[in-house]
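Q: Hey, dropping input03.txt in here, compact mmCIF, C-alpha atoms and all ligand atoms:
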# COMPACT_ATOMS: atom_id res chain seq x y z
CA MET D 839 -4.90 -10.80 8.59
CA SER D 840 -2.33 -13.54 8.46
CA SER D 841 0.40 -11.55 10.17
CA ARG D 842 0.34 -11.84 13.91
CA LEU D 843 2.89 -9.75 15.76
CA SER D 844 2.87 -10.05 19.50
CA THR D 845 5.33 -7.78 21.23
CA PRO D 846 2.94 -4.93 21.93
CA ASN D 847 4.42 -3.96 25.27
CA ILE D 848 7.39 -2.31 23.65
CA GLN D 849 4.93 0.59 23.36
CA LEU D 850 4.49 1.03 27.13
CA ASN D 851 7.00 2.83 29.35
CA GLU D 852 8.10 1.63 32.79
CA GLN D 853 5.04 3.30 34.32
CA GLY D 854 2.74 1.25 32.04
CA LYS D 855 1.87 4.32 29.98
CA LEU D 856 2.05 4.82 26.22
CA HIS D 857 5.53 5.57 24.87
CA HIS D 858 4.81 4.56 21.26
CA PHE D 859 1.44 3.84 19.64
CA LEU D 860 1.86 0.73 17.51
CA THR D 861 -1.12 -1.51 18.17
CA LEU D 862 -4.15 -1.78 20.43
CA GLU D 863 -3.23 -5.35 21.31
CA GLY D 864 -2.29 -5.58 24.97
CA LEU D 865 -3.70 -2.18 25.92
CA LYS D 866 -6.17 -1.80 28.80
CA GLN D 867 -9.54 -0.13 28.75
CA HIS D 868 -8.15 2.88 30.67
CA HIS D 869 -5.60 3.55 27.90
CA LEU D 870 -8.40 3.74 25.31
CA VAL D 871 -10.76 5.76 27.49
CA GLU D 872 -8.00 8.29 28.18
CA ILE D 873 -7.54 8.76 24.42
CA LEU D 874 -11.28 9.19 23.83
CA ASP D 875 -11.70 11.64 26.71
CA THR D 876 -8.63 13.65 25.72
CA ALA D 877 -9.88 13.87 22.13
CA GLU D 878 -13.19 15.17 23.43
CA SER D 879 -11.36 17.93 25.32
CA PHE D 880 -9.92 19.26 22.04
CA ILE D 881 -13.35 19.86 20.50
CA ASN D 882 -15.28 23.01 21.31
CA PRO D 883 -18.73 21.65 22.30
CA ASN D 884 -20.54 24.73 20.98
CA THR D 885 -18.92 25.09 17.57
CA ASN D 886 -17.42 21.59 17.00
CA GLU D 887 -14.17 23.36 16.10
CA ILE D 888 -10.90 21.72 17.04
CA LYS D 889 -8.79 23.97 19.22
CA LYS D 890 -5.18 25.00 18.64
CA VAL D 891 -3.16 24.38 21.80
CA PRO D 892 0.52 24.93 22.69
CA MET D 893 1.09 21.39 24.07
CA LEU D 894 3.81 20.30 21.62
CA ARG D 895 5.51 23.66 21.10
CA GLY D 896 9.24 23.07 20.56
CA LYS D 897 8.72 19.40 19.59
CA THR D 898 9.51 18.11 16.10
CA ILE D 899 7.32 15.51 14.44
CA MET D 900 8.29 13.81 11.16
CA ASN D 901 5.77 12.10 8.92
CA LEU D 902 7.07 9.18 6.88
CA PHE D 903 4.48 7.71 4.54
CA PHE D 904 5.94 4.87 2.47
CA GLU D 905 2.41 4.00 1.24
CA PRO D 906 -0.29 6.29 -0.20
CA SER D 907 -2.67 8.06 2.16
CA THR D 908 -5.18 10.89 2.01
CA ARG D 909 -7.01 10.90 5.36
CA THR D 910 -4.37 9.63 7.78
CA ARG D 911 -1.48 11.70 6.53
CA THR D 912 -3.44 14.93 6.25
CA THR D 913 -5.23 14.62 9.60
CA PHE D 914 -1.94 13.79 11.32
CA GLU D 915 -0.40 16.92 9.80
CA ILE D 916 -3.36 19.07 10.87
CA ALA D 917 -3.29 17.51 14.35
CA GLU D 918 0.43 18.25 14.69
CA ASN D 919 -0.17 21.87 13.66
CA ARG D 920 -3.05 22.20 16.13
CA LEU D 921 -0.69 20.94 18.87
CA SER D 922 1.81 23.66 17.78
CA ALA D 923 4.57 21.17 16.91
CA ASP D 924 7.21 21.77 14.22
CA ILE D 925 6.46 19.29 11.47
CA SER D 926 8.20 17.81 8.48
CA SER D 927 6.71 15.37 5.95
CA LEU D 928 9.33 13.51 3.94
CA ASP D 929 8.52 12.99 0.27
CA ILE D 930 9.64 9.38 -0.01
CA GLN D 931 9.57 9.46 -3.85
CA THR D 932 12.27 12.16 -3.95
CA SER D 933 14.19 11.09 -0.86
CA ALA D 934 17.63 9.44 -0.72
CA THR D 935 15.95 6.05 -0.19
CA LYS D 936 15.75 6.14 -4.01
CA LYS D 937 19.59 6.25 -4.08
CA GLY D 938 19.90 3.09 -2.02
CA GLU D 939 19.87 4.49 1.51
CA SER D 940 18.40 1.92 3.88
CA LEU D 941 15.26 2.70 5.84
CA LEU D 942 17.15 2.59 9.12
CA ASP D 943 19.81 4.99 7.86
CA THR D 944 17.03 7.32 6.71
CA LEU D 945 15.43 7.05 10.13
CA TRP D 946 18.67 7.71 12.02
CA ASN D 947 19.48 10.72 9.82
CA LEU D 948 16.06 12.21 10.49
CA GLN D 949 16.50 11.46 14.18
CA ALA D 950 19.79 13.40 14.03
CA MET D 951 17.71 16.40 12.95
CA GLN D 952 16.25 16.28 16.47
CA ALA D 953 12.99 14.49 15.73
CA ASP D 954 10.92 13.80 18.84
CA MET D 955 8.31 11.65 17.12
CA PHE D 956 7.88 9.74 13.86
CA VAL D 957 4.51 9.03 12.29
CA ILE D 958 5.04 6.08 9.97
CA ARG D 959 2.95 4.24 7.40
CA HIS D 960 4.48 1.25 5.65
CA ALA D 961 3.20 -1.60 3.47
CA GLN D 962 5.09 -4.19 5.55
CA SER D 963 3.37 -5.64 8.63
CA GLY D 964 5.55 -5.00 11.66
CA ALA D 965 7.49 -2.13 10.06
CA THR D 966 6.54 0.45 12.69
CA GLN D 967 7.40 -1.97 15.48
CA PHE D 968 10.80 -2.49 13.84
CA PHE D 969 11.39 1.27 13.66
CA ALA D 970 10.31 1.67 17.29
CA GLN D 971 12.95 -0.86 18.30
CA HIS D 972 15.66 1.19 16.56
CA VAL D 973 14.93 4.79 17.54
CA ALA D 974 16.61 6.53 20.47
CA PRO D 975 14.86 6.01 23.84
CA HIS D 976 13.45 9.55 23.91
CA VAL D 977 11.92 9.26 20.41
CA HIS D 978 8.34 8.07 19.88
CA VAL D 979 6.78 6.16 16.99
CA MET D 980 3.15 6.35 15.87
CA ASN D 981 1.78 3.63 13.64
CA ALA D 982 -0.17 5.22 10.78
CA GLY D 983 -0.91 1.78 9.30
CA ASP D 984 1.47 -1.15 8.73
CA GLY D 985 0.64 -3.82 6.15
CA GLN D 986 -2.21 -6.04 7.31
CA HIS D 987 -1.17 -5.68 10.93
CA ALA D 988 -2.65 -2.59 12.59
CA HIS D 989 -4.06 0.90 12.13
CA PRO D 990 -4.63 1.91 15.75
CA THR D 991 -5.42 5.61 15.32
CA GLN D 992 -8.05 4.73 12.71
CA ALA D 993 -9.69 2.30 15.13
CA MET D 994 -9.62 4.92 17.89
CA LEU D 995 -11.25 7.57 15.71
CA ASP D 996 -13.88 4.97 14.83
CA MET D 997 -14.50 4.33 18.54
CA PHE D 998 -14.71 8.08 19.12
CA THR D 999 -17.30 8.43 16.33
CA ILE D 1000 -19.36 5.53 17.68
CA ARG D 1001 -19.30 6.99 21.19
CA LYS D 1002 -20.31 10.42 19.85
CA TYR D 1003 -23.35 9.09 18.00
CA LYS D 1004 -24.39 6.06 20.02
CA GLY D 1005 -23.09 6.55 23.55
CA ASP D 1006 -21.61 3.68 25.57
CA ILE D 1007 -20.01 1.09 23.35
CA PHE D 1008 -20.79 -1.80 25.69
CA ASP D 1009 -24.52 -1.51 24.84
CA LEU D 1010 -24.01 -1.88 21.12
CA LYS D 1011 -24.20 -4.51 18.39
CA ILE D 1012 -21.70 -3.71 15.67
CA ALA D 1013 -21.28 -5.37 12.26
CA ILE D 1014 -18.05 -5.03 10.26
CA VAL D 1015 -18.61 -5.99 6.63
CA GLY D 1016 -16.23 -6.77 3.78
CA ASP D 1017 -12.64 -7.88 3.36
CA VAL D 1018 -11.82 -8.89 6.92
CA GLN D 1019 -8.82 -10.98 5.96
CA HIS D 1020 -6.66 -8.23 4.50
CA SER D 1021 -7.74 -5.27 6.61
CA ARG D 1022 -5.46 -3.79 9.26
CA VAL D 1023 -8.33 -1.46 10.15
CA VAL D 1024 -10.67 -4.35 10.98
CA ARG D 1025 -8.02 -6.04 13.06
CA SER D 1026 -7.55 -2.88 15.14
CA GLN D 1027 -11.31 -2.21 15.29
CA ILE D 1028 -12.00 -5.68 16.70
CA GLN D 1029 -9.28 -5.18 19.32
CA ALA D 1030 -10.72 -1.78 20.29
CA LEU D 1031 -14.30 -3.05 20.47
CA SER D 1032 -13.20 -6.05 22.56
CA ILE D 1033 -11.22 -3.87 25.00
CA LEU D 1034 -14.20 -1.50 25.29
CA GLU D 1035 -16.46 -4.55 25.82
CA ALA D 1036 -18.92 -4.02 22.97
CA ARG D 1037 -22.01 -6.15 23.49
CA GLU D 1038 -21.74 -7.99 20.17
CA ILE D 1039 -19.13 -7.79 17.41
CA ARG D 1040 -20.07 -9.36 14.08
CA VAL D 1041 -17.92 -9.76 11.01
CA VAL D 1042 -19.70 -10.29 7.71
CA GLY D 1043 -18.22 -11.43 4.41
CA PRO D 1044 -17.48 -14.36 2.11
CA LYS D 1045 -15.39 -17.25 3.44
CA THR D 1046 -12.60 -16.30 1.03
CA LEU D 1047 -12.22 -12.90 2.73
CA MET D 1048 -12.15 -14.23 6.30
CA PRO D 1049 -8.93 -15.11 8.13
CA GLU D 1050 -8.06 -18.79 8.50
CA SER D 1051 -9.40 -19.06 12.08
CA PRO D 1052 -11.99 -16.29 12.37
CA GLU D 1053 -13.33 -17.71 15.65
CA ALA D 1054 -9.95 -16.80 17.22
CA LEU D 1055 -10.95 -13.15 16.83
CA GLY D 1056 -13.72 -13.64 19.40
CA VAL D 1057 -16.42 -12.35 17.06
CA HIS D 1058 -19.62 -13.71 15.51
CA ILE D 1059 -19.10 -14.71 11.89
CA TYR D 1060 -21.77 -14.24 9.21
CA HIS D 1061 -21.53 -15.13 5.55
CA ASN D 1062 -25.02 -13.85 4.83
CA MET D 1063 -25.22 -10.04 4.71
CA GLU D 1064 -28.92 -9.79 5.57
CA GLU D 1065 -28.47 -11.89 8.70
CA GLY D 1066 -25.21 -10.18 9.63
CA ILE D 1067 -26.56 -6.65 9.77
CA ALA D 1068 -30.02 -7.45 11.15
CA ASP D 1069 -30.82 -5.30 14.18
CA VAL D 1070 -27.32 -3.82 14.62
CA ASP D 1071 -26.58 -0.31 15.94
CA VAL D 1072 -23.50 0.29 13.81
CA ILE D 1073 -22.46 -0.95 10.36
CA ILE D 1074 -18.80 -0.52 9.43
CA MET D 1075 -18.09 -1.20 5.77
CA VAL D 1076 -14.54 -1.84 4.58
CA ARG D 1077 -13.29 -1.93 1.01
CA LEU D 1078 -11.78 -4.86 -0.88
CA GLN D 1079 -8.02 -4.56 -0.26
CA ASN D 1080 -7.12 -5.58 -3.82
CA GLU D 1081 -3.49 -4.49 -3.40
CA ARG D 1082 -3.01 -7.15 -0.70
CA MET D 1083 -4.74 -10.06 -2.52
CA THR D 1084 -2.38 -12.51 -4.16
CA SER D 1085 -5.17 -14.30 -6.08
CA ALA D 1086 -8.77 -13.68 -7.15
CA LEU D 1087 -10.84 -14.21 -4.00
CA ILE D 1088 -14.21 -13.07 -5.32
CA PRO D 1089 -15.83 -13.75 -8.73
CA SER D 1090 -16.14 -10.01 -9.50
CA GLU D 1091 -16.79 -6.65 -7.83
CA LYS D 1092 -20.30 -6.74 -9.32
CA GLU D 1093 -20.97 -10.09 -7.64
CA PHE D 1094 -19.51 -8.82 -4.36
CA PHE D 1095 -21.86 -5.82 -4.43
CA LYS D 1096 -24.81 -8.13 -5.16
CA LEU D 1097 -24.07 -10.23 -2.09
CA TYR D 1098 -22.45 -7.79 0.37
CA GLY D 1099 -22.95 -4.24 -0.90
CA LEU D 1100 -24.68 -1.93 1.57
CA THR D 1101 -27.83 -0.77 -0.19
CA GLU D 1102 -30.74 1.23 1.18
CA ALA D 1103 -32.84 -1.95 1.26
CA ARG D 1104 -30.24 -3.76 3.34
CA LEU D 1105 -29.64 -0.80 5.64
CA ALA D 1106 -33.34 -0.98 6.55
CA LEU D 1107 -32.62 -4.34 8.25
CA ALA D 1108 -30.41 -2.67 10.88
CA LYS D 1109 -31.90 -0.65 13.74
CA PRO D 1110 -33.74 2.43 12.39
CA ASN D 1111 -31.19 4.78 13.97
CA ALA D 1112 -28.13 2.70 13.00
CA ILE D 1113 -25.11 4.62 11.78
CA VAL D 1114 -23.05 3.73 8.70
CA MET D 1115 -19.26 4.03 8.92
CA HIS D 1116 -16.35 3.44 6.56
CA PRO D 1117 -12.64 4.18 7.18
CA GLY D 1118 -12.21 5.19 3.53
CA PRO D 1119 -11.32 5.22 0.78
CA ILE D 1120 -14.84 4.18 -0.27
CA ASN D 1121 -15.54 2.38 -3.51
CA ARG D 1122 -19.03 3.38 -4.56
CA GLY D 1123 -20.98 0.56 -6.15
CA VAL D 1124 -18.52 -2.07 -4.87
CA GLU D 1125 -19.09 -2.24 -1.09
CA ILE D 1126 -21.53 0.66 -0.65
CA GLU D 1127 -24.32 2.28 -2.66
CA SER D 1128 -23.80 6.01 -3.23
CA SER D 1129 -27.15 6.93 -1.70
CA VAL D 1130 -26.13 5.15 1.53
CA ALA D 1131 -22.62 6.66 1.61
CA ASP D 1132 -24.14 10.13 1.22
CA GLY D 1133 -27.32 9.39 3.19
CA ALA D 1134 -28.67 10.61 6.52
CA GLN D 1135 -27.32 7.63 8.49
CA SER D 1136 -23.78 7.95 7.13
CA VAL D 1137 -21.12 9.41 9.46
CA ILE D 1138 -18.23 8.67 7.11
CA LEU D 1139 -17.03 12.26 6.77
CA GLU D 1140 -17.51 12.91 10.50
CA GLN D 1141 -15.06 10.04 11.11
CA VAL D 1142 -12.48 11.94 9.07
CA THR D 1143 -12.98 15.14 11.07
CA TYR D 1144 -12.75 13.32 14.41
CA GLY D 1145 -9.46 11.83 13.25
CA ILE D 1146 -7.82 15.20 13.93
CA ALA D 1147 -8.85 15.34 17.59
CA VAL D 1148 -8.08 11.66 18.18
CA ARG D 1149 -4.60 11.95 16.68
CA MET D 1150 -3.99 15.09 18.72
CA ALA D 1151 -5.02 13.10 21.79
CA VAL D 1152 -2.63 10.20 21.22
CA MET D 1153 0.35 12.42 20.41
CA SER D 1154 -0.24 14.73 23.38
CA ILE D 1155 -0.73 11.81 25.78
CA ILE D 1156 2.54 10.22 24.65
CA MET D 1157 4.49 13.47 25.08
CA SER D 1158 2.88 14.12 28.45
CA ASN D 1159 3.72 10.56 29.62
CA ALA D 1160 7.36 11.11 28.64
CA ALA D 1161 7.49 14.39 30.58
CA GLN D 1162 5.91 12.76 33.65
CA LEU D 1163 8.39 9.87 33.54
CA ALA D 1164 11.36 12.26 33.21
CA GLN D 1165 10.08 14.28 36.17
CA HIS D 1166 9.60 11.12 38.24
CA LYS D 1167 13.15 10.02 37.47
CA ALA D 1168 14.51 13.45 38.40
CA GLU D 1169 12.64 13.36 41.71
CA HIS D 1170 13.63 9.75 42.55
CA PRO D 1171 17.28 9.35 41.52
CA LEU D 1172 17.82 6.48 43.97
CA GLU D 1173 15.23 4.33 42.15
CA GLN D 1174 17.33 4.66 39.01
CA GLU D 1175 20.54 3.65 40.83
CA GLU D 1176 18.85 0.53 42.28
CA LYS D 1177 17.91 -0.53 38.73
N1 LIG Y 1201 -8.50 5.29 6.44
C1 LIG Y 1201 -7.28 5.49 5.91
O1 LIG Y 1201 -6.27 4.96 6.40
O2 LIG Y 1201 -7.28 6.27 4.79
P1 LIG Y 1201 -5.96 6.76 4.02
O3 LIG Y 1201 -5.35 5.55 3.38
O4 LIG Y 1201 -6.42 7.77 3.04
O5 LIG Y 1201 -5.03 7.34 5.05
Represent the structure contained in this file as structure tokens.

A:
Amino acid sequence: MSSRLSTPNIQLNEQGKLHHFLTLEGLKQHHLVEILDTAESFINPNTNEIKKVPMLRGKTIMNLFFEPSTRTRTTFEIAENRLSADISSLDIQTSATKKGESLLDTLWNLQAMQADMFVIRHAQSGATQFFAQHVAPHVHVMNAGDGQHAHPTQAMLDMFTIRKYKGDIFDLKIAIVGDVQHSRVVRSQIQALSILEAREIRVVGPKTLMPESPEALGVHIYHNMEEGIADVDVIIMVRLQNERMTSALIPSEKEFFKLYGLTEARLALAKPNAIVMHPGPINRGVEIESSVADGAQSVILEQVTYGIAVRMAVMSIIMSNAAQLAQHKAEHPLEQEEK
């Protein structure tokens, strides 16, 4: 969580509405509530099925995953299909980037194929912001996770899941446990929970896995797991982000599980109806006991399912905002001349 990028308003259009979706930083509560409510509208309340709608018919969405993904990539692709968009997912390993083509040249070539939106995951913090600064004005960029910086659609599907199971977020005590320092998901979750005014946000983990100034996050810090999850409504476990650690920050995974692993005994310290969440991938026996991951209080797989509706919501809102802005400009040509 060392990287701090702070030009979030590049993602808003001149009407203050979403044009890209790069980070939750700087967004207002109404932006988030619109996403949650729109996602709800895509789910059939009787069957829980996610509807297919014609909203993005004729639009082309390109998925560029420079880093591995199971949940995000697949749910984006399903969401794009359910919105009736034309989609293309570039296989980076067999693309011309392997012949020395720069990322920007790749992007501009794909844009020349009449892309309307890019969904991008990249290991570098700030990569999606960089791409957003270099696409044509009518093209939109969705951040599917960039380095340690942000994973805003993951945080929004987490908020959607919490709201589904627990109701209003502002009544809730929520504990996020694990590798806070290296997690883009945690960073976005804390921003979302703050914007939605959660009653209490706790982060729990060893000092070595906390950012340098954790108090700057505006959360309660706990280094003792039992104290950190006592009486909470929601426990969000996150994995050790070993690929982002430059040195050994814990004695061993076994020791980490002993001190911070979510076991049935520890879960009993939270409220009796507390839910257990995890953005995935889960590491059984490292941050979570199998019986908890698969247990009655776990909503981990429901999070994955809700990711489809939430990603549909963000993409459809962005396209609808662009159409509204174009219509406004067509109806008020003098405003444009004055600018
Ligand atoms: N939660 C998440 O980002 O999972 P993937 O890496 O599988 O997309």

Q: Let me have all residues with an atom within 12 Å of ligand LIG 1201 (chain Y), counting all atoms listed in the file, laid out as an NGL selection string.

A: :D and (903-915 or 958-961 or 981-986 or 988-996 or 1021-1024 or 1026-1027 or 1075-1077 or 1079 or 1115-1120 or 1138-1139 or 1141-1143 or 1145)

Q: Find the distance between CA of Leu1105 (chain D) and CA of Pro1052 (chain D) and write it in Å to one decimal.

A: 24.4 Å

Q: Which region 998-1019 of chain D residues have any atom within 12 Å of an atom of region 875-891 of chain D, and for each, what is the nearest pair of atoms with distance in Å to one decimal, counting all atoms listed in the file, rows sorted by chain and number, as JSON lines?

A:
{"residue": "D:Phe998", "atom": "CA", "partner": "D:Ala877", "partner_atom": "CA", "distance": 8.1}
{"residue": "D:Thr999", "atom": "CA", "partner": "D:Glu878", "partner_atom": "CA", "distance": 10.6}
{"residue": "D:Arg1001", "atom": "CA", "partner": "D:Glu878", "partner_atom": "CA", "distance": 10.5}
{"residue": "D:Lys1002", "atom": "CA", "partner": "D:Glu878", "partner_atom": "CA", "distance": 9.3}

Q: To one decimal place, how far is CA of Gln1135 (chain D) from CA of Leu1055 (chain D) in Å?

A: 27.7 Å

Q: Compare D:Ile1007, D:Leu1031, D:Ile1014, D:Ala923 by their minimum atom-to-atom distance to Glu863 (chain D), counting all atoms listed in the file, and give me the closest one.

A: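 So, comparing all the options, the nearest one is D:Leu1031.
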
Q: How far is it from CA of Val871 (chain D) to CA of Arg895 (chain D), in Å with one decimal?

A: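 Pair CA of Val871 (chain D) / CA of Arg895 (chain D) returns 25.0 Å.
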
Q: Go through D:Glu918, D:Asp954, D:Glu1140, D:Glu1125 and flag the residue nearest His858 (chain D), using only C-alpha atoms for the distances.

A: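 Distance minimum relative to His858 (chain D) lands on D:Asp954.
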
Q: Which one of D:Met980, D:Ile1126, D:Val1148, D:Met955 sits closest to Met997 (chain D) if you count all atoms listed in the file?

A: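 Residue with the minimum atom-to-atom distance to Met997 (chain D): D:Val1148.
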
Q: Restricting the calculation to all atoms listed in the file, which member of D:Thr944, D:Thr861, D:Gln1165, D:Gln962 is positioned closest to Arg1025 (chain D)?

A: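 Comparing D:Thr944, D:Thr861, D:Gln1165, D:Gln962 against Arg1025 (chain D), the winner is D:Thr861.
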
Q: Between D:Leu1163, D:Val1124, D:Met1150, D:Val977, which is the closest to Met893 (chain D) once you count only C-alpha atoms?

A: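 Result for the nearest residue to Met893 (chain D): D:Met1150.
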
Q: Would you mind telling me which residue in D:His972, D:Arg1122, D:His978, D:His868 lies nearest to Ser1158 (chain D) when using only C-alpha atoms?

A: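 When distances to Ser1158 (chain D) are compared using only C-alpha atoms, the smallest one comes from D:His978.
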
Q: Could you pull the residues within 10 Å of His1058 (chain D), counting only C-alpha atoms, minus those fewer than 6 positions along the same chain, as a list in words?

A: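 That gives Ala1013, Glu1038, Ile1039, Arg1040, Val1041, Val1042, Pro1052 and Gly1066 of chain D.
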
Q: Please define a box with edges along x, y and z of the file around all atoms of region 1012-1017 of chain D given in the file, extend it by 5 Å on each side, and return its centre and edge lengths in Å to one decimal, as lines of an AutoDock Vina configuration file.

A:
center_x = -17.2
center_y = -5.8
center_z = 9.5
size_x = 19.1
size_y = 14.2
size_z = 22.3
